[in-house]
$ cat input_13.pdb   # PDB, C-alpha atoms, pLDDT in the B column
ATOM      1  CA  MET A 285     -30.467   2.033  14.464  1.00 74.00           C
ATOM      2  CA  ASP A 286     -31.374  -1.572  13.692  1.00 81.00           C
ATOM      3  CA  THR A 287     -31.417  -3.992  16.596  1.00 75.00           C
ATOM      4  CA  PRO A 288     -29.107  -7.015  16.593  1.00 66.00           C
ATOM      5  CA  ARG A 289     -32.187  -9.189  15.994  1.00 76.00           C
ATOM      6  CA  ASP A 290     -33.133  -7.076  12.926  1.00 76.00           C
ATOM      7  CA  ILE A 291     -29.671  -7.447  11.387  1.00 73.00           C
ATOM      8  CA  LEU A 292     -29.493 -11.179  12.107  1.00 71.00           C
ATOM      9  CA  GLN A 293     -32.918 -11.703  10.509  1.00 76.00           C
ATOM     10  CA  ARG A 294     -32.000  -9.576   7.480  1.00 78.00           C
ATOM     11  CA  HIS A 295     -29.008 -11.855   6.872  1.00 70.00           C
ATOM     12  CA  GLY A 296     -30.753 -15.114   7.811  1.00 74.00           C
ATOM     13  CA  LEU A 297     -28.505 -15.736  10.814  1.00 72.00           C
ATOM     14  CA  ARG A 298     -28.734 -16.570  14.517  1.00 73.00           C
ATOM     15  CA  ALA A 299     -26.355 -15.771  17.359  1.00 68.00           C
ATOM     16  CA  LYS A 300     -23.838 -18.551  17.970  1.00 68.00           C
ATOM     17  CA  HIS A 301     -24.099 -18.906  21.714  1.00 63.00           C
ATOM     18  CA  SER A 302     -21.416 -21.624  21.679  1.00 61.00           C
ATOM     19  CA  TRP A 303     -19.058 -18.841  20.504  1.00 61.00           C
ATOM     20  CA  GLY A 304     -20.270 -16.560  23.286  1.00 60.00           C
ATOM     21  CA  GLN A 305     -21.972 -14.203  20.835  1.00 60.00           C
ATOM     22  CA  ASN A 306     -23.984 -11.540  22.626  1.00 69.00           C
ATOM     23  CA  PHE A 307     -24.600  -8.499  20.491  1.00 69.00           C
ATOM     24  CA  LEU A 308     -24.547  -5.110  22.156  1.00 71.00           C
ATOM     25  CA  GLY A 309     -27.218  -2.833  20.717  1.00 71.00           C
ATOM     26  CA  ASP A 310     -27.751  -0.241  23.484  1.00 79.00           C
ATOM     27  CA  ALA A 311     -26.919   3.141  21.925  1.00 84.00           C
ATOM     28  CA  ASP A 312     -26.073   4.738  25.288  1.00 89.00           C
ATOM     29  CA  VAL A 313     -23.545   2.012  26.115  1.00 89.00           C
ATOM     30  CA  LEU A 314     -22.066   2.128  22.605  1.00 90.00           C
ATOM     31  CA  GLU A 315     -21.719   5.894  22.850  1.00 94.00           C
ATOM     32  CA  GLY A 316     -20.108   5.528  26.294  1.00 94.00           C
ATOM     33  CA  ILE A 317     -17.495   3.114  24.951  1.00 93.00           C
ATOM     34  CA  THR A 318     -16.782   5.413  22.030  1.00 95.00           C
ATOM     35  CA  ASP A 319     -16.497   8.483  24.266  1.00 96.00           C
ATOM     36  CA  ALA A 320     -14.169   6.634  26.672  1.00 96.00           C
ATOM     37  CA  LEU A 321     -11.776   5.907  23.792  1.00 96.00           C
ATOM     38  CA  GLU A 322     -11.349   9.655  23.153  1.00 97.00           C
ATOM     39  CA  LEU A 323     -10.882   9.122  19.412  1.00 96.00           C
ATOM     40  CA  SER A 324      -9.726  11.812  17.018  1.00 94.00           C
ATOM     41  CA  GLU A 325     -10.375  12.033  13.306  1.00 95.00           C
ATOM     42  CA  GLY A 326      -8.024   9.694  11.432  1.00 95.00           C
ATOM     43  CA  GLU A 327      -6.804   7.988  14.610  1.00 97.00           C
ATOM     44  CA  PRO A 328      -6.409   4.194  14.321  1.00 98.00           C
ATOM     45  CA  VAL A 329      -8.590   1.936  16.449  1.00 98.00           C
ATOM     46  CA  VAL A 330      -8.810  -1.849  16.362  1.00 98.00           C
ATOM     47  CA  GLU A 331     -12.164  -3.327  17.269  1.00 96.00           C
ATOM     48  CA  LEU A 332     -11.984  -6.908  18.455  1.00 95.00           C
ATOM     49  CA  GLY A 333     -15.002  -9.033  17.561  1.00 89.00           C
ATOM     50  CA  PRO A 334     -17.194  -6.436  15.850  1.00 92.00           C
ATOM     51  CA  GLY A 335     -19.967  -8.950  15.260  1.00 85.00           C
ATOM     52  CA  LEU A 336     -22.840  -7.154  13.547  1.00 86.00           C
ATOM     53  CA  GLY A 337     -21.090  -3.790  13.599  1.00 90.00           C
ATOM     54  CA  HIS A 338     -23.029  -1.835  16.210  1.00 89.00           C
ATOM     55  CA  LEU A 339     -19.956  -0.485  18.021  1.00 93.00           C
ATOM     56  CA  THR A 340     -18.157  -0.323  14.696  1.00 95.00           C
ATOM     57  CA  ARG A 341     -20.655   2.263  13.428  1.00 92.00           C
ATOM     58  CA  PHE A 342     -20.134   4.450  16.487  1.00 95.00           C
ATOM     59  CA  LEU A 343     -16.350   4.214  16.171  1.00 97.00           C
ATOM     60  CA  ALA A 344     -16.455   5.044  12.458  1.00 97.00           C
ATOM     61  CA  ALA A 345     -18.746   8.036  13.100  1.00 96.00           C
ATOM     62  CA  THR A 346     -15.878   9.705  15.009  1.00 97.00           C
ATOM     63  CA  GLY A 347     -13.795   9.766  11.833  1.00 96.00           C
ATOM     64  CA  ALA A 348     -11.322   7.277  13.306  1.00 97.00           C
ATOM     65  CA  ARG A 349      -9.741   4.647  11.039  1.00 96.00           C
ATOM     66  CA  VAL A 350     -11.385   1.438  12.205  1.00 97.00           C
ATOM     67  CA  THR A 351      -9.883  -2.005  11.691  1.00 97.00           C
ATOM     68  CA  ALA A 352     -12.504  -4.581  12.673  1.00 96.00           C
ATOM     69  CA  VAL A 353     -11.014  -7.996  13.521  1.00 96.00           C
ATOM     70  CA  GLU A 354     -13.600 -10.784  13.286  1.00 92.00           C
ATOM     71  CA  LYS A 355     -13.202 -14.570  13.344  1.00 91.00           C
ATOM     72  CA  ASP A 356     -16.748 -15.620  12.420  1.00 86.00           C
ATOM     73  CA  ARG A 357     -17.133 -15.881   8.631  1.00 92.00           C
ATOM     74  CA  ASP A 358     -20.867 -15.167   8.903  1.00 88.00           C
ATOM     75  CA  MET A 359     -20.187 -11.909  10.755  1.00 85.00           C
ATOM     76  CA  ILE A 360     -17.492 -10.958   8.234  1.00 94.00           C
ATOM     77  CA  ALA A 361     -20.068 -11.409   5.461  1.00 91.00           C
ATOM     78  CA  VAL A 362     -22.548  -9.224   7.378  1.00 89.00           C
ATOM     79  CA  LEU A 363     -19.965  -6.492   7.915  1.00 91.00           C
ATOM     80  CA  GLU A 364     -18.949  -6.561   4.264  1.00 92.00           C
ATOM     81  CA  LYS A 365     -22.585  -6.373   3.095  1.00 89.00           C
ATOM     82  CA  GLU A 366     -23.376  -3.585   5.564  1.00 85.00           C
ATOM     83  CA  ALA A 367     -20.350  -1.675   4.138  1.00 86.00           C
ATOM     84  CA  ILE A 368     -19.687   0.740   6.988  1.00 89.00           C
ATOM     85  CA  ALA A 369     -17.736   3.718   5.635  1.00 91.00           C
ATOM     86  CA  GLY A 370     -14.236   4.092   7.080  1.00 91.00           C
ATOM     87  CA  VAL A 371     -14.044   0.487   8.270  1.00 95.00           C
ATOM     88  CA  ARG A 372     -11.652  -2.207   7.121  1.00 96.00           C
ATOM     89  CA  VAL A 373     -12.717  -5.736   8.049  1.00 96.00           C
ATOM     90  CA  VAL A 374      -9.966  -8.257   8.782  1.00 95.00           C
ATOM     91  CA  SER A 375     -10.436 -11.974   9.342  1.00 95.00           C
ATOM     92  CA  GLY A 376      -8.611 -12.972  12.498  1.00 93.00           C
ATOM     93  CA  ASN A 377      -8.714 -14.262  16.039  1.00 91.00           C
ATOM     94  CA  ALA A 378      -8.936 -11.459  18.601  1.00 88.00           C
ATOM     95  CA  ALA A 379      -7.060 -13.609  21.118  1.00 88.00           C
ATOM     96  CA  THR A 380      -3.952 -13.918  18.924  1.00 91.00           C
ATOM     97  CA  VAL A 381      -3.919 -10.977  16.513  1.00 94.00           C
ATOM     98  CA  ASP A 382      -1.057  -8.477  16.412  1.00 96.00           C
ATOM     99  CA  PHE A 383      -2.918  -5.171  16.784  1.00 96.00           C
ATOM    100  CA  ALA A 384      -0.251  -2.907  15.291  1.00 96.00           C
ATOM    101  CA  GLU A 385       0.259  -5.249  12.353  1.00 96.00           C
ATOM    102  CA  VAL A 386      -3.432  -5.438  11.383  1.00 95.00           C
ATOM    103  CA  ALA A 387      -3.848  -1.668  11.801  1.00 96.00           C
ATOM    104  CA  GLY A 388      -0.593  -0.947   9.978  1.00 96.00           C
ATOM    105  CA  VAL A 389       0.525   1.587  12.605  1.00 96.00           C
ATOM    106  CA  PRO A 390       2.865   1.608  15.624  1.00 97.00           C
ATOM    107  CA  GLU A 391       0.265   3.028  18.068  1.00 97.00           C
ATOM    108  CA  LEU A 392      -3.473   2.550  18.294  1.00 97.00           C
ATOM    109  CA  LYS A 393      -6.492   2.212  20.523  1.00 98.00           C
ATOM    110  CA  VAL A 394      -8.392  -1.040  21.074  1.00 97.00           C
ATOM    111  CA  ALA A 395     -12.058  -1.687  21.850  1.00 96.00           C
ATOM    112  CA  GLY A 396     -14.539  -4.506  21.962  1.00 92.00           C
ATOM    113  CA  ASN A 397     -17.464  -6.270  23.570  1.00 87.00           C
ATOM    114  CA  LEU A 398     -15.533  -9.328  24.728  1.00 82.00           C
ATOM    115  CA  PRO A 399     -17.018 -12.834  24.836  1.00 76.00           C
ATOM    116  CA  TYR A 400     -16.785 -14.596  28.194  1.00 73.00           C
ATOM    117  CA  HIS A 401     -14.584 -17.477  27.070  1.00 71.00           C
ATOM    118  CA  LEU A 402     -11.993 -15.234  25.348  1.00 80.00           C
ATOM    119  CA  THR A 403     -11.807 -12.342  27.786  1.00 84.00           C
ATOM    120  CA  SER A 404      -8.712 -13.500  29.679  1.00 85.00           C
ATOM    121  CA  SER A 405      -6.707 -14.369  26.568  1.00 89.00           C
ATOM    122  CA  ILE A 406      -7.625 -11.052  24.911  1.00 89.00           C
ATOM    123  CA  LEU A 407      -6.700  -9.051  28.016  1.00 91.00           C
ATOM    124  CA  PHE A 408      -3.349 -10.873  28.145  1.00 92.00           C
ATOM    125  CA  GLN A 409      -2.814  -9.944  24.472  1.00 93.00           C
ATOM    126  CA  VAL A 410      -3.467  -6.293  25.299  1.00 93.00           C
ATOM    127  CA  LEU A 411      -0.914  -6.470  28.121  1.00 94.00           C
ATOM    128  CA  GLU A 412       1.657  -8.195  25.901  1.00 95.00           C
ATOM    129  CA  GLN A 413       1.170  -5.562  23.207  1.00 96.00           C
ATOM    130  CA  ARG A 414       0.921  -2.581  25.583  1.00 96.00           C
ATOM    131  CA  GLU A 415       3.776  -0.691  23.899  1.00 97.00           C
ATOM    132  CA  HIS A 416       1.447  -0.259  20.897  1.00 97.00           C
ATOM    133  CA  VAL A 417      -1.826   0.338  22.771  1.00 97.00           C
ATOM    134  CA  THR A 418      -2.454   3.906  23.921  1.00 97.00           C
ATOM    135  CA  ARG A 419      -5.949   3.158  25.278  1.00 97.00           C
ATOM    136  CA  ALA A 420      -8.201   0.111  25.567  1.00 96.00           C
ATOM    137  CA  VAL A 421     -11.922   0.089  26.367  1.00 95.00           C
ATOM    138  CA  PHE A 422     -13.925  -3.125  26.676  1.00 92.00           C
ATOM    139  CA  THR A 423     -17.255  -4.336  27.930  1.00 81.00           C
ATOM    140  CA  LEU A 424     -16.947  -7.457  30.041  1.00 70.00           C
ATOM    141  CA  GLN A 425     -19.524  -9.833  31.435  1.00 67.00           C
ATOM    142  CA  LYS A 426     -20.140  -9.419  35.145  1.00 64.00           C
ATOM    143  CA  GLU A 427     -19.005 -13.010  35.817  1.00 68.00           C
ATOM    144  CA  VAL A 428     -15.579 -12.242  34.312  1.00 58.00           C
ATOM    145  CA  VAL A 429     -15.206  -9.076  36.345  1.00 61.00           C
ATOM    146  CA  ASP A 430     -16.193 -10.907  39.536  1.00 62.00           C
ATOM    147  CA  ARG A 431     -13.707 -13.681  38.777  1.00 69.00           C
TER     148      ARG A 431
END

$ encode --input "input_13.pdb" --output "structure tokens"
Amino acid sequence: MDTPRDILQRHGLRAKHSWGQNFLGDADVLEGITDALELSEGEPVVELGPGLGHLTRFLAATGARVTAVEKDRDMIAVLEKEAIAGVRVVSGNAATVDFAEVAGVPELKVAGNLPYHLTSSILFQVLEQREHVTRAVFTLQKEVVDR
């Protein structure tokens, strides 16, 4: 598996720290998130802020139908060039997107490695849309959890 640095270099990009971009590349953590979702083949899952697609690859490997919602045009271009099988990339803001609408289903699971500055608004979205969300698994920065 390529590291986040490898993928960024391959595409001539850098992390946008002003956007809170921190790319998760630890295979054990990615596998843990995927396992915690308890995905079945063909089951819909919305990934919020897929970035370079590390978690996306793990989610897709389960056979789930992955809808990756990304705001950053550079990351969308990376995801489209990387062409991860079973993944549909959607341009959108994770803090305002209607999960069921983008996935095209009434029930789904949600996952993501949430940026510090959007964590609260995304968690409120999950709560507001809870009738559609059967399971949600996120990584959060320690500072957010402590707060």

$ residues_around --input "input_13.pdb" --residues "Gly396 in chain A" --least-positions-apart "4" --cutoff "9 Å" --atoms "all atoms listed in the file" --output "list in words"
Ile317, Val330, Glu331, Leu332, Gly333, Pro334, Leu339, Ala420, Val421, Phe422, Thr423 and Leu424 of chain A

$ closest_residue --input "input_13.pdb" --among "A:Glu315, A:Asp356, A:Asp382, A:Glu412" --to "Thr340 in chain A" --atoms "only C-alpha atoms"
A:Glu315

$ atom_distance --input "input_13.pdb" --atom1 "CA of Phe408 in chain A" --atom2 "CA of Val350 in chain A"
21.7 Å

$ closest_residue --input "input_13.pdb" --among "A:Asp312, A:Glu415, A:Glu325, A:Asp319" --to "Met285 in chain A" --atoms "all atoms listed in the file"
A:Asp312

$ closest_residue --input "input_13.pdb" --among "A:His416, A:Arg349, A:Lys365, A:Arg341" --to "Leu323 in chain A" --atoms "all atoms listed in the file"
A:Arg349

$ atom_distance --input "input_13.pdb" --atom1 "CA of Gly316 in chain A" --atom2 "CA of Thr380 in chain A"
26.3 Å

$ resolve_selection --input "input_13.pdb" --expression "the PyMOL selection byres ((chain A and resi 413) around 12)" --output "VMD selection string"
chain A and resid 379 to 385 390 to 394 406 to 412 414 to 420

$ closest_residue --input "input_13.pdb" --among "A:Val389, A:Leu402, A:Val353, A:Ala395" --to "Gly376 in chain A" --atoms "only C-alpha atoms"
A:Val353

$ closest_residue --input "input_13.pdb" --among "A:Val313, A:Gly326, A:His338, A:His295" --to "Asp358 in chain A" --atoms "only C-alpha atoms"
A:His295

$ atom_distance --input "input_13.pdb" --atom1 "CA of Gly309 in chain A" --atom2 "CA of Thr287 in chain A"
6.0 Å
